[in-house]
Every structure is written in structure tokens, then in C-alpha cells.
$ cat model_3.txt   # compact mmCIF, C-alpha atoms
# COMPACT_ATOMS: atom_id res chain seq x y z
CA MET S 15 6.44 18.96 -14.78
CA MET S 16 6.89 18.17 -11.06
CA SER S 17 4.70 15.08 -11.32
CA LYS S 18 6.86 13.79 -14.18
CA LEU S 19 10.01 14.41 -12.14
CA SER S 20 8.60 12.71 -9.06
CA SER S 21 7.42 9.80 -11.24
CA LEU S 22 10.90 9.50 -12.76
CA PHE S 23 12.44 9.60 -9.27
CA ARG S 24 10.12 6.82 -8.06
CA VAL S 25 11.07 4.63 -11.03
CA MET S 26 14.75 5.35 -10.47
CA MET S 27 14.48 4.43 -6.77
CA ALA S 28 12.57 1.24 -7.60
CA TYR S 29 15.41 0.10 -9.86
CA LEU S 30 18.27 1.59 -7.83
CA HIS S 31 19.98 -1.74 -7.22
CA VAL S 32 19.84 -2.55 -10.95
CA TRP S 33 21.31 0.86 -11.89
CA ILE S 34 24.12 0.36 -9.37
CA VAL S 35 24.87 -3.13 -10.68
CA ILE S 36 25.03 -1.87 -14.27
CA SER S 37 27.04 1.28 -13.57
CA SER S 38 29.50 -0.27 -11.10
CA SER S 39 30.04 -3.25 -13.42
CA LEU S 40 30.85 -0.91 -16.30
CA LEU S 41 33.17 1.12 -14.07
CA VAL S 42 35.02 -1.96 -12.84
CA CYS S 43 35.30 -3.49 -16.32
CA ALA S 44 36.48 -0.22 -17.90
CA SER S 45 38.94 0.69 -15.14
CA PRO S 46 41.97 -1.05 -16.76
CA TRP S 47 41.74 1.48 -19.60
CA ILE S 48 41.77 4.53 -17.32
CA PHE S 49 44.99 6.52 -17.48
CA MET S 50 44.51 9.42 -15.12
CA GLY S 51 46.88 10.64 -12.48
CA ARG S 52 46.89 14.11 -11.06
CA ARG S 53 44.17 15.28 -13.49
CA ILE S 54 42.09 14.29 -16.49
CA PRO S 55 44.65 14.26 -19.31
CA ASP S 56 44.35 16.60 -22.27
CA ASN S 57 44.17 13.61 -24.58
CA ALA S 58 41.55 11.82 -22.46
CA GLY S 59 39.58 9.29 -24.40
CA PHE S 60 36.15 7.71 -24.24
CA TRP S 61 37.00 5.37 -21.35
CA ASP S 62 38.42 8.19 -19.24
CA TYR S 63 35.33 10.37 -19.65
CA LEU S 64 32.98 7.40 -19.26
CA HIS S 65 34.69 6.56 -15.98
CA VAL S 66 34.50 10.14 -14.69
CA TYR S 67 30.86 10.82 -15.56
CA LEU S 68 29.51 7.36 -14.88
CA GLY S 69 31.50 7.40 -11.64
CA LEU S 70 29.84 10.66 -10.62
CA ALA S 71 26.42 9.16 -11.36
CA CYS S 72 27.30 5.96 -9.49
CA ALA S 73 28.49 8.00 -6.48
CA VAL S 74 25.08 9.69 -6.32
CA LEU S 75 23.29 6.35 -6.80
CA GLY S 76 25.41 4.78 -4.06
CA ILE S 77 24.53 7.53 -1.59
CA LEU S 78 20.83 7.23 -2.49
CA PHE S 79 21.05 3.44 -2.07
CA LEU S 80 22.71 3.73 1.33
CA LEU S 81 20.11 6.27 2.45
CA SER S 82 17.16 4.25 1.15
CA ASN S 83 18.46 1.17 2.98
CA THR S 84 19.21 2.89 6.26
CA LEU S 85 16.46 5.45 6.82
CA GLN S 86 13.47 4.86 9.10
CA GLY S 87 15.34 2.45 11.34
CA LYS S 88 16.28 0.04 8.55
CA TRP S 89 19.97 0.61 9.30
CA HIS S 90 19.68 -1.93 12.15
CA GLN S 91 19.41 -4.71 9.58
CA TYR S 92 22.80 -3.90 8.03
CA PHE S 93 24.63 -2.28 10.93
CA GLY S 94 23.09 -3.78 14.08
CA TRP S 95 26.55 -4.93 15.14
CA LEU S 96 27.50 -1.25 15.56
CA VAL S 97 25.17 -1.05 18.56
CA GLY S 98 26.09 -4.45 19.98
CA ASP S 99 23.35 -6.52 18.33
CA TRP S 100 25.52 -9.54 17.53
CA ALA S 101 22.98 -12.34 18.17
CA GLN S 102 22.04 -13.34 14.61
CA LEU S 103 25.48 -12.52 13.22
CA LYS S 104 27.10 -14.76 15.84
CA GLN S 105 24.50 -17.47 15.21
CA ASP S 106 25.27 -17.38 11.45
CA MET S 107 29.02 -17.56 12.02
CA VAL S 108 28.72 -20.47 14.47
CA GLY S 109 26.39 -22.17 11.98
CA LEU S 110 28.98 -21.79 9.24
CA THR S 111 31.51 -23.70 11.31
CA LYS S 112 28.96 -26.52 11.50
CA GLY S 113 28.25 -26.43 7.75
CA LYS S 114 24.93 -24.62 8.14
CA PHE S 115 24.21 -21.98 5.52
CA PRO S 116 23.19 -18.54 6.89
CA VAL S 117 19.72 -17.27 6.07
CA ALA S 118 19.31 -14.15 3.94
CA GLY S 119 17.79 -11.09 5.53
CA GLY S 120 17.53 -10.22 9.15
CA LYS S 121 20.60 -8.95 11.00
CA GLY S 122 22.88 -11.83 10.14
CA LEU S 123 26.03 -12.36 8.16
CA PHE S 124 24.58 -11.64 4.72
CA SER S 125 23.11 -8.33 5.86
CA ALA S 126 26.35 -7.30 7.59
CA ILE S 127 28.29 -8.03 4.39
CA GLU S 128 25.74 -6.05 2.35
CA GLY S 129 26.09 -3.11 4.76
CA ILE S 130 29.86 -3.16 4.40
CA GLY S 131 29.41 -3.30 0.63
CA MET S 132 27.20 -0.21 0.67
CA LEU S 133 29.84 1.64 2.69
CA LEU S 134 32.57 0.55 0.27
CA LEU S 135 30.48 1.72 -2.71
CA VAL S 136 29.93 5.13 -1.12
CA ALA S 137 33.58 5.42 -0.06
CA THR S 138 34.70 4.56 -3.60
CA GLY S 139 32.35 7.18 -5.02
CA ILE S 140 33.27 9.91 -2.54
CA THR S 141 37.01 9.39 -2.93
CA GLY S 142 36.57 9.48 -6.71
CA VAL S 143 34.62 12.74 -6.51
CA VAL S 144 37.19 14.28 -4.18
CA TRP S 145 39.97 13.14 -6.51
CA LEU S 146 38.15 14.90 -9.37
CA LEU S 147 37.63 18.06 -7.29
CA PHE S 148 41.30 18.19 -6.28
CA GLN S 149 42.69 17.40 -9.73
CA SER S 150 45.85 19.33 -10.62
CA THR S 151 46.64 19.86 -6.92
CA PRO S 152 49.35 18.20 -4.85
CA THR S 153 46.77 16.05 -3.03
CA ALA S 154 45.16 14.65 -6.20
CA LEU S 155 47.42 11.59 -6.31
CA ALA S 156 46.71 10.83 -2.65
CA TRP S 157 42.97 10.86 -3.35
CA ARG S 158 43.55 8.69 -6.43
CA GLY S 159 45.30 6.21 -4.14
CA TYR S 160 42.41 6.22 -1.64
CA HIS S 161 39.97 5.77 -4.51
CA GLN S 162 41.91 2.76 -5.81
CA ILE S 163 42.05 1.16 -2.35
CA PHE S 164 38.29 1.49 -1.87
CA ALA S 165 37.61 0.39 -5.46
CA GLN S 166 39.68 -2.77 -4.94
CA ALA S 167 37.90 -3.49 -1.66
CA PHE S 168 34.56 -2.93 -3.41
CA ILE S 169 35.58 -5.38 -6.16
CA GLY S 170 36.36 -7.90 -3.42
CA PHE S 171 32.92 -7.27 -1.96
CA LEU S 172 31.32 -7.79 -5.39
CA ILE S 173 32.98 -11.19 -5.68
CA VAL S 174 31.81 -12.21 -2.20
CA HIS S 175 28.33 -10.81 -2.92
CA LEU S 176 28.07 -12.81 -6.16
CA VAL S 177 29.19 -16.01 -4.43
CA LEU S 178 26.70 -15.50 -1.60
CA ALA S 179 23.87 -14.68 -4.02
CA ALA S 180 24.65 -17.77 -6.11
CA SER S 181 24.86 -20.00 -3.04
CA HIS S 182 21.59 -18.55 -1.74
CA ILE S 183 19.91 -19.34 -5.07
CA LEU S 184 21.32 -22.88 -5.01
CA ASP S 185 20.09 -23.34 -1.45
CA PHE S 186 16.65 -22.07 -2.50
CA ILE S 187 16.56 -24.53 -5.43
CA ARG S 188 17.54 -27.45 -3.19
CA GLN S 189 14.53 -26.78 -0.96
$ encode --input "model_3.txt" --output "C-alpha cells"
Amino acid sequence: MMSKLSSLFRVMMAYLHVWIVISSSLLVCASPWIFMGRRIPDNAGFWDYLHVYLGLACAVLGILFLLSNTLQGKWHQYFGWLVGDWAQLKQDMVGLTKGKFPVAGGKGLFSAIEGIGMLLLVATGITGVVWLLFQSTPTALAWRGYHQIFAQAFIGFLIVHLVLAASHILDFIRQ
């Protein structure tokens, strides 16, 4: 039984990015049909419950993704600027002003944007979970507001991430 669970966990971790793409895409696309305020309404429908339960799963996946990308010193790739390691990030930004496309990986612009995206995903998930935990309380609407702010910022990140991924693919094809 434990070997099956550990095998399932390994498969899940191997495809973590894919699961996050699928779940967050569904959450973003379904969000216009969500009608929740202070609590889950009594007449909640499919989209409401899908958003709540898929959101809970995505929050867990987001935390696992952040941890898997930051443990064992790997956090320097995404958050090196937090400790003053600005060299590659600065080089990428100066290169952009000269029309030079940043390279993927390393501690540059793409990695910094990916790190911010991971934080936005986790913040969106955590504020959604807290909103759920505090439903029917006076602070529920405040947490709903925080959740919406982080969700909108995360959607902005997704757009930037898609543009960067597409431009990276085009750059790769040109070479």
C-alpha cells in the first residue's frame, strides 16, 4: 500500500506543472460563473463547487510546486534578487533595451518572473482557503477581496508567462 502511494506521489510530482496548468486554467475560465460572497450559497451549483474543491486542490499543488522549486538551494534561481544577486537579471533587462532576448533558466528575468508567478499562485490559493475557512464571518468578504486581487495578478502573470514561453519557442525555432 505504501509503495503504491509513494509511486502515485512520484508520478504526481513529475507532472506537477501540468496539473497546475490544467487546474488553474479551469479555475480561471470558470471564475465568471462563481457567485459566492460571504459563504457558499445554499443554491450553489456545479461551477461553485468545482471552483471550491478544484481551488483547494490547486492550492495544495501550488504549495508543492513552490516547495519543489525552492528546496535544496534551488530558490536562488527564482529569488536570487532577494539576496542581492542582480547580475543576470540586470544583464537581461539591459539586453532587452538593446533588443536582445533574455535566455531561459539561470537567475535572469524569466526565472524572476516565474518565481513571482509561483508566489502569486500560492497567495491566490491561500487567500481562497482562508476565505472558505472564514465563510459566514464578518471577515469573509475581505478575504474574498484579497483572493480576487491575487487571482487577477495571477491571471496577469499567466498572460506574461504565455507570451514569454511563446517567444522563447520562436527564438528556439529561429536558431
$ closest_residue --input "model_3.txt" --among "S:Ala28, S:Ala118, S:Leu123, S:Val136" --to "S:Phe186" --atoms "all atoms listed in the file"
S:Ala118
$ atom_distance --input "model_3.txt" --atom1 "atom CA of S:Ile127" --atom2 "atom CA of S:Ser181"
14.5 Å
$ residues_around --input "model_3.txt" --residues "stretch 60-70 of chain S" --least-positions-apart "4" --cutoff "10 Å" --atoms "all atoms listed in the file" --output "PDB file with C-alpha atoms, keeping the file's coordinate frame"
ATOM      1  CA  SER S  37      27.040   1.280 -13.570  1.00  0.00           C
ATOM      2  CA  SER S  38      29.500  -0.270 -11.100  1.00  0.00           C
ATOM      3  CA  LEU S  40      30.850  -0.910 -16.300  1.00  0.00           C
ATOM      4  CA  LEU S  41      33.170   1.120 -14.070  1.00  0.00           C
ATOM      5  CA  VAL S  42      35.020  -1.960 -12.840  1.00  0.00           C
ATOM      6  CA  ALA S  44      36.480  -0.220 -17.900  1.00  0.00           C
ATOM      7  CA  SER S  45      38.940   0.690 -15.140  1.00  0.00           C
ATOM      8  CA  PRO S  46      41.970  -1.050 -16.760  1.00  0.00           C
ATOM      9  CA  TRP S  47      41.740   1.480 -19.600  1.00  0.00           C
ATOM     10  CA  ILE S  48      41.770   4.530 -17.320  1.00  0.00           C
ATOM     11  CA  PHE S  49      44.990   6.520 -17.480  1.00  0.00           C
ATOM     12  CA  MET S  50      44.510   9.420 -15.120  1.00  0.00           C
ATOM     13  CA  ILE S  54      42.090  14.290 -16.490  1.00  0.00           C
ATOM     14  CA  PRO S  55      44.650  14.260 -19.310  1.00  0.00           C
ATOM     15  CA  VAL S  74      25.080   9.690  -6.320  1.00  0.00           C
ATOM     16  CA  LEU S  75      23.290   6.350  -6.800  1.00  0.00           C
ATOM     17  CA  GLY S  76      25.410   4.780  -4.060  1.00  0.00           C
ATOM     18  CA  THR S 138      34.700   4.560  -3.600  1.00  0.00           C
ATOM     19  CA  GLY S 139      32.350   7.180  -5.020  1.00  0.00           C
ATOM     20  CA  ILE S 140      33.270   9.910  -2.540  1.00  0.00           C
ATOM     21  CA  GLY S 142      36.570   9.480  -6.710  1.00  0.00           C
ATOM     22  CA  VAL S 143      34.620  12.740  -6.510  1.00  0.00           C
ATOM     23  CA  LEU S 146      38.150  14.900  -9.370  1.00  0.00           C
TER      24      LEU S 146
END
$ atom_distance --input "model_3.txt" --atom1 "atom CA of S:Lys112" --atom2 "atom CA of S:Trp100"
18.3 Å
$ residues_near_point --input "model_3.txt" --point "(40.3, 15.2, -4.0)" --cutoff "12 Å" --atoms "only C-alpha atoms" --output "short mmCIF file (atom, residue, chain, number, x, y, z; two decimals) with C-alpha atoms, in the frame of the given file"
data_model
loop_
_atom_site.label_atom_id
_atom_site.label_comp_id
_atom_site.auth_asym_id
_atom_site.auth_seq_id
_atom_site.Cartn_x
_atom_site.Cartn_y
_atom_site.Cartn_z
CA GLY S 51 46.88 10.64 -12.48
CA ARG S 52 46.89 14.11 -11.06
CA ARG S 53 44.17 15.28 -13.49
CA GLY S 139 32.35 7.18 -5.02
CA ILE S 140 33.27 9.91 -2.54
CA THR S 141 37.01 9.39 -2.93
CA GLY S 142 36.57 9.48 -6.71
CA VAL S 143 34.62 12.74 -6.51
CA VAL S 144 37.19 14.28 -4.18
CA TRP S 145 39.97 13.14 -6.51
CA LEU S 146 38.15 14.90 -9.37
CA LEU S 147 37.63 18.06 -7.29
CA PHE S 148 41.30 18.19 -6.28
CA GLN S 149 42.69 17.40 -9.73
CA SER S 150 45.85 19.33 -10.62
CA THR S 151 46.64 19.86 -6.92
CA PRO S 152 49.35 18.20 -4.85
CA THR S 153 46.77 16.05 -3.03
CA ALA S 154 45.16 14.65 -6.20
CA LEU S 155 47.42 11.59 -6.31
CA ALA S 156 46.71 10.83 -2.65
CA TRP S 157 42.97 10.86 -3.35
CA ARG S 158 43.55 8.69 -6.43
CA GLY S 159 45.30 6.21 -4.14
CA TYR S 160 42.41 6.22 -1.64
CA HIS S 161 39.97 5.77 -4.51
#
$ atom_distance --input "model_3.txt" --atom1 "atom CA of S:Leu135" --atom2 "atom CA of S:Phe164"
7.9 Å
$ closest_residue --input "model_3.txt" --among "S:Ile34, S:Ile187, S:Ala71, S:Leu96" --to "S:Gly131" --atoms "only C-alpha atoms"
S:Ile34
$ closest_residue --input "model_3.txt" --among "S:Gln162, S:Asn57, S:Asn83, S:Ser17" --to "S:His31" --atoms "all atoms listed in the file"
S:Asn83
$ build_atoms --input "model_3.txt" --residues "stretch 103-127 of chain S" --atoms "N, CA and C atoms" --output "tab-separated table (two decimals), in the coordinates of the input"
chain	number	residue	atom	x	y	z
S	103	LEU	N	24.19	-12.44	13.89
S	103	LEU	CA	25.48	-12.52	13.22
S	103	LEU	C	26.33	-13.64	13.82
S	104	LYS	N	26.35	-13.71	15.15
S	104	LYS	CA	27.10	-14.76	15.84
S	104	LYS	C	26.50	-16.13	15.51
S	105	GLN	N	25.18	-16.22	15.51
S	105	GLN	CA	24.50	-17.47	15.21
S	105	GLN	C	24.87	-17.94	13.79
S	106	ASP	N	24.90	-17.02	12.83
S	106	ASP	CA	25.27	-17.38	11.45
S	106	ASP	C	26.71	-17.85	11.36
S	107	MET	N	27.60	-17.19	12.08
S	107	MET	CA	29.02	-17.56	12.02
S	107	MET	C	29.27	-18.91	12.69
S	108	VAL	N	28.60	-19.16	13.81
S	108	VAL	CA	28.72	-20.47	14.47
S	108	VAL	C	28.12	-21.54	13.56
S	109	GLY	N	27.02	-21.23	12.91
S	109	GLY	CA	26.39	-22.17	11.98
S	109	GLY	C	27.30	-22.52	10.81
S	110	LEU	N	28.03	-21.54	10.34
S	110	LEU	CA	28.98	-21.79	9.24
S	110	LEU	C	30.02	-22.82	9.62
S	111	THR	N	30.50	-22.74	10.85
S	111	THR	CA	31.51	-23.70	11.31
S	111	THR	C	30.95	-25.12	11.38
S	112	LYS	N	29.62	-25.21	11.46
S	112	LYS	CA	28.96	-26.52	11.50
S	112	LYS	C	28.39	-26.92	10.15
S	113	GLY	N	28.73	-26.12	9.10
S	113	GLY	CA	28.25	-26.43	7.75
S	113	GLY	C	26.85	-25.95	7.47
S	114	LYS	N	26.29	-25.14	8.34
S	114	LYS	CA	24.93	-24.62	8.14
S	114	LYS	C	25.01	-23.29	7.39
S	115	PHE	N	24.21	-23.18	6.36
S	115	PHE	CA	24.21	-21.98	5.52
S	115	PHE	C	23.40	-20.88	6.19
S	116	PRO	N	23.94	-19.65	6.27
S	116	PRO	CA	23.19	-18.54	6.89
S	116	PRO	C	21.94	-18.20	6.08
S	117	VAL	N	20.93	-17.70	6.76
S	117	VAL	CA	19.72	-17.27	6.07
S	117	VAL	C	19.90	-15.84	5.58
S	118	ALA	N	19.26	-15.52	4.47
S	118	ALA	CA	19.31	-14.15	3.94
S	118	ALA	C	18.35	-13.28	4.73
S	119	GLY	N	18.65	-12.02	4.81
S	119	GLY	CA	17.79	-11.09	5.53
S	119	GLY	C	18.11	-11.05	7.00
S	120	GLY	N	17.30	-10.35	7.73
S	120	GLY	CA	17.53	-10.22	9.15
S	120	GLY	C	18.77	-9.40	9.44
S	121	LYS	N	19.41	-9.69	10.58
S	121	LYS	CA	20.60	-8.95	11.00
S	121	LYS	C	21.83	-9.84	10.99
S	122	GLY	N	21.81	-10.85	10.14
S	122	GLY	CA	22.88	-11.83	10.14
S	122	GLY	C	24.05	-11.48	9.24
S	123	LEU	N	24.80	-12.51	8.90
S	123	LEU	CA	26.03	-12.36	8.16
S	123	LEU	C	25.82	-11.73	6.79
S	124	PHE	N	24.82	-12.20	6.05
S	124	PHE	CA	24.58	-11.64	4.72
S	124	PHE	C	24.28	-10.15	4.79
S	125	SER	N	23.46	-9.74	5.73
S	125	SER	CA	23.11	-8.33	5.86
S	125	SER	C	24.31	-7.49	6.28
S	126	ALA	N	25.14	-8.03	7.17
S	126	ALA	CA	26.35	-7.30	7.59
S	126	ALA	C	27.29	-7.11	6.40
S	127	ILE	N	27.44	-8.13	5.58
S	127	ILE	CA	28.29	-8.03	4.39
S	127	ILE	C	27.70	-7.02	3.41
